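Trainee: First, the structure itself, so that you have it in front of you.
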Amino acid sequence: KQFFATAYFFHNSRRMQLGSALPSQTPVQQHQQNARWTHSKLPRQNHRKNLMHTRLPRVLPPAAQQKPQQQAQTATKPLARPPPRADPWAIVKKAQQGSETLAVEVKSLNRGGLVVGVGEISGFIPFKEMSAQRIQKEDYQDLAYLVGQKIEAKVLSVDSEAGRVLLSEKRVAQSQALSRMKVGDIKRGVVRNVEDYGAFVTLTDVPSVSGLVHKSELSWDTFMNVDDVIKAGDKVTVKVLDIDPVACRISFSIKQLQQDPLTQTLDTVTWGATKSIPEDIQQVIDRLNVQESIMEVIIMQQAVESHLFSQELQLFLTKTEIPGGFLVVARSGSTLQQLQIRSNLPREDMKDLLARIARME
């Protein structure tokens with residue numbers, strides 16, 4: 001009895017302090033209930049201290065602290081638009097104007113030449129525009145190994161409306177060869193074909209280079225037709241007159257390697273009075289009179305030599321010494337005209353002036 005009385009008293013005192021328990025619970029169940037209730041009612045901070053848990057504040061690294069700000073700035077920054085797509089036809093036309101060398105891929109082979117890819121455009125290289133090293137005995141089927149390979153070529157013509165691009169591989173070799181030449185070089189070659197205006201000569205040491213010998217640069221002799229002076233297949237020696245590596249053009253001269261008959265027979269020419277002055281010689285006189293360094297141009301004697309004929313106007317500065325001036329001989333066709341020029345220019349400067357006037361510069 002005393003034990004139960006003590007337990008009952010203890011039970012009532014706990015109910016007053018911690019709250020009542022269900023009457024159906026045993027003292028052990030009530031004790032567990034009160035323990036759980038007491039544990040849940042403890043302050044959060046004290047509870048963590050009692051459990052020996054101490055959570056340190058989370059410190060982010062500087063990069064992580066700036067990342068949200070950077071992400072915000074990136075989110076607000078507008079996306080950059082891709083650059084506009086270049087027009088493939090404009091690229092090809094620019095390459096043609098600048099004589100640029102393009103790397104093209106050989107797509108297929110047909111009876112006329114090679115079909116190549118110029119970027120997104122299809123182009124064509126005729127067999128006659130292939131390099132001389134590739135064409136052997138005109139057996140074009142041997143070029144099938146080029147399919148899938150890349151070769152260098154220059155653009156000859158562009159027709160965007162018809163969708164055609166014509167290219168040349170031999171122009172690349174020509175441009176490289178011409179860049180190594182200079183005016184005045186002496187070369188040997190073979191006459192490839194003859195036209196009314198001159199002859200085309202292919203160089204022996206550089207087969208990829210062919211140039212024009214104008215009919216005025218063929219011979220000092222008088223002739224009517226080019227065939228009378230030179231024929232296809234003739235082996236000739238030429239002098240380089242002009243080079244244009246961009247356009248892949250070169251011009252030669254044959255007669256400048258020969259002695260001018262006028263310089264050999266000038267002393268034997270029969271001079272007489274001036275009857276009529278050819279038009280081109282009169283233009284030379286007019287141009288000389290307007291030069292500040294020329295004081296006077298005096299028309300002297302004239303001669304006509306039928307066996308001496310010039311295809312173009314020529315001016316010669318003679319070695320005859322004249323006080324205060326020079327004696328010049330102008331030749332046009334078969335007419336020779338002496339001109340006395342009064343000037344204080346040095347002899348070399350007078351040569352340069354006559355050369356410019358002869359070229360009508």
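Each chain of the structure tokens is named A, B, ... in the order shown, its residues numbered from 1; ligands are numbered from 1 in display order.
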List as a ChimeraX atom specification the protein and nucleic acid residues near Ala330 in chain A, meaning an atom at most 10 Å away when only C-alpha atoms are counted, but skip any in the same chain fewer than 3 places from it.
Mentor: /A:280-281,284-285,302,313-317,335-339,358
Trainee: For Leu218 in chain A, which residue out of A:Ala144, A:Val206, A:Ile254, A:Ile125 is the nearest one, using only C-alpha atoms?
Mentor: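 Comparing A:Ala144, A:Val206, A:Ile254, A:Ile125 against Leu218 in chain A, the winner is A:Ile254.
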Trainee: Among range 86-213 of chain A, which residues does DSSP mark as helix (DSSP H, G or I) when it is run on the backbone? Keep the chain and numbering as in the structure and answer as a ChimeraX atom specification.
Mentor: /A:88-97,127-129,140-146,170-178
Trainee: At a cut-off of 9 Å, using only C-alpha atoms, what residues contact range 105-115 of chain A? Leave out same-chain residues fewer than 4 positions from it and give the result as a PyMOL selection string.
Mentor: chain A and resi 119+122-130+140-141+143-144+146-152
Trainee: For each of A:Met181, A:Met360, A:Ala132, A:Val155, take the minimum atom-to-atom distance to Pro207 in chain A, counting only C-alpha atoms, then give the residue where this is smallest.
Mentor: A:Ala132
Trainee: Can you check which residues of range 268-352 of chain A DSSP gives as strand (DSSP E or B) on the backbone and send them as a PyMOL selection string?
Mentor: chain A and resi 272+294-304+310-322+325-333+335-343
Trainee: Nearest residue to Ala153 in chain A out of A:Ser99, A:Thr274, A:Ser343, A:Asn289, using only C-alpha atoms?
Mentor: A:Ser99
Trainee: For the atom pair CA of Leu102 in chain A and CA of Arg180 in chain A, what is the interatomic distance in Å to one decimal place?
Mentor: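 Those two atoms sit 20.7 Å apart.
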Trainee: When you count only C-alpha atoms, which of these residues is closest to Lys187 in chain A: A:Val209, A:Leu167, A:Val238, A:Ile230?
Mentor: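 Of all the options, A:Val238 lies closest to Lys187 in chain A.
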Trainee: Between A:Leu354, A:Val118, A:Val104, A:Val213, which one has atoms that come closest to Val190 in chain A, using only C-alpha atoms?
Mentor: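 The answer is A:Val213, which sits nearest to Val190 in chain A.
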Trainee: Identify which of the residues A:Val201, A:Val297, A:Leu353, A:Ala273 lies closest to Val240 in chain A, counting only C-alpha atoms when measuring atom-to-atom distances.
Mentor: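 Closest to Val240 in chain A, using only C-alpha atoms: A:Val201.
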Trainee: CA of Leu257 in chain A and CA of Glu217 in chain A are how many Å apart?
Mentor: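 Going from CA of Leu257 in chain A over to CA of Glu217 in chain A, I get 10.0 Å.
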Trainee: At a cut-off of 8 Å, using only C-alpha atoms, what residues contact Ser175 in chain A? Leave out same-chain residues fewer than 5 positions from it and give the result as a ChimeraX atom specification.
Mentor: /A:245-246,248
Trainee: Produce a file of the selected residues containing N, CA and C atoms, as a PDB file, in the first residue's frame.
Mentor:
ATOM      1  N   PRO A 245      52.668  40.144-114.650  1.00  0.00           N
ATOM      2  CA  PRO A 245      52.404  38.887-113.938  1.00  0.00           C
ATOM      3  C   PRO A 245      50.952  38.717-113.520  1.00  0.00           C
ATOM      4  N   VAL A 246      50.233  39.819-113.261  1.00  0.00           N
ATOM      5  CA  VAL A 246      48.833  39.717-112.829  1.00  0.00           C
ATOM      6  C   VAL A 246      47.973  39.163-113.958  1.00  0.00           C
ATOM      7  N   CYS A 248      49.184  37.680-116.553  1.00  0.00           N
ATOM      8  CA  CYS A 248      49.930  36.570-117.171  1.00  0.00           C
ATOM      9  C   CYS A 248      50.202  36.849-118.644  1.00  0.00           C
TER      10      CYS A 248
END
Trainee: If I take CA of Val226 in chain A and CA of Tyr197 in chain A, how far is one from the other in Å, to one decimal?
Mentor: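 If I compute the distance from CA of Val226 in chain A to CA of Tyr197 in chain A, I get 7.5 Å.
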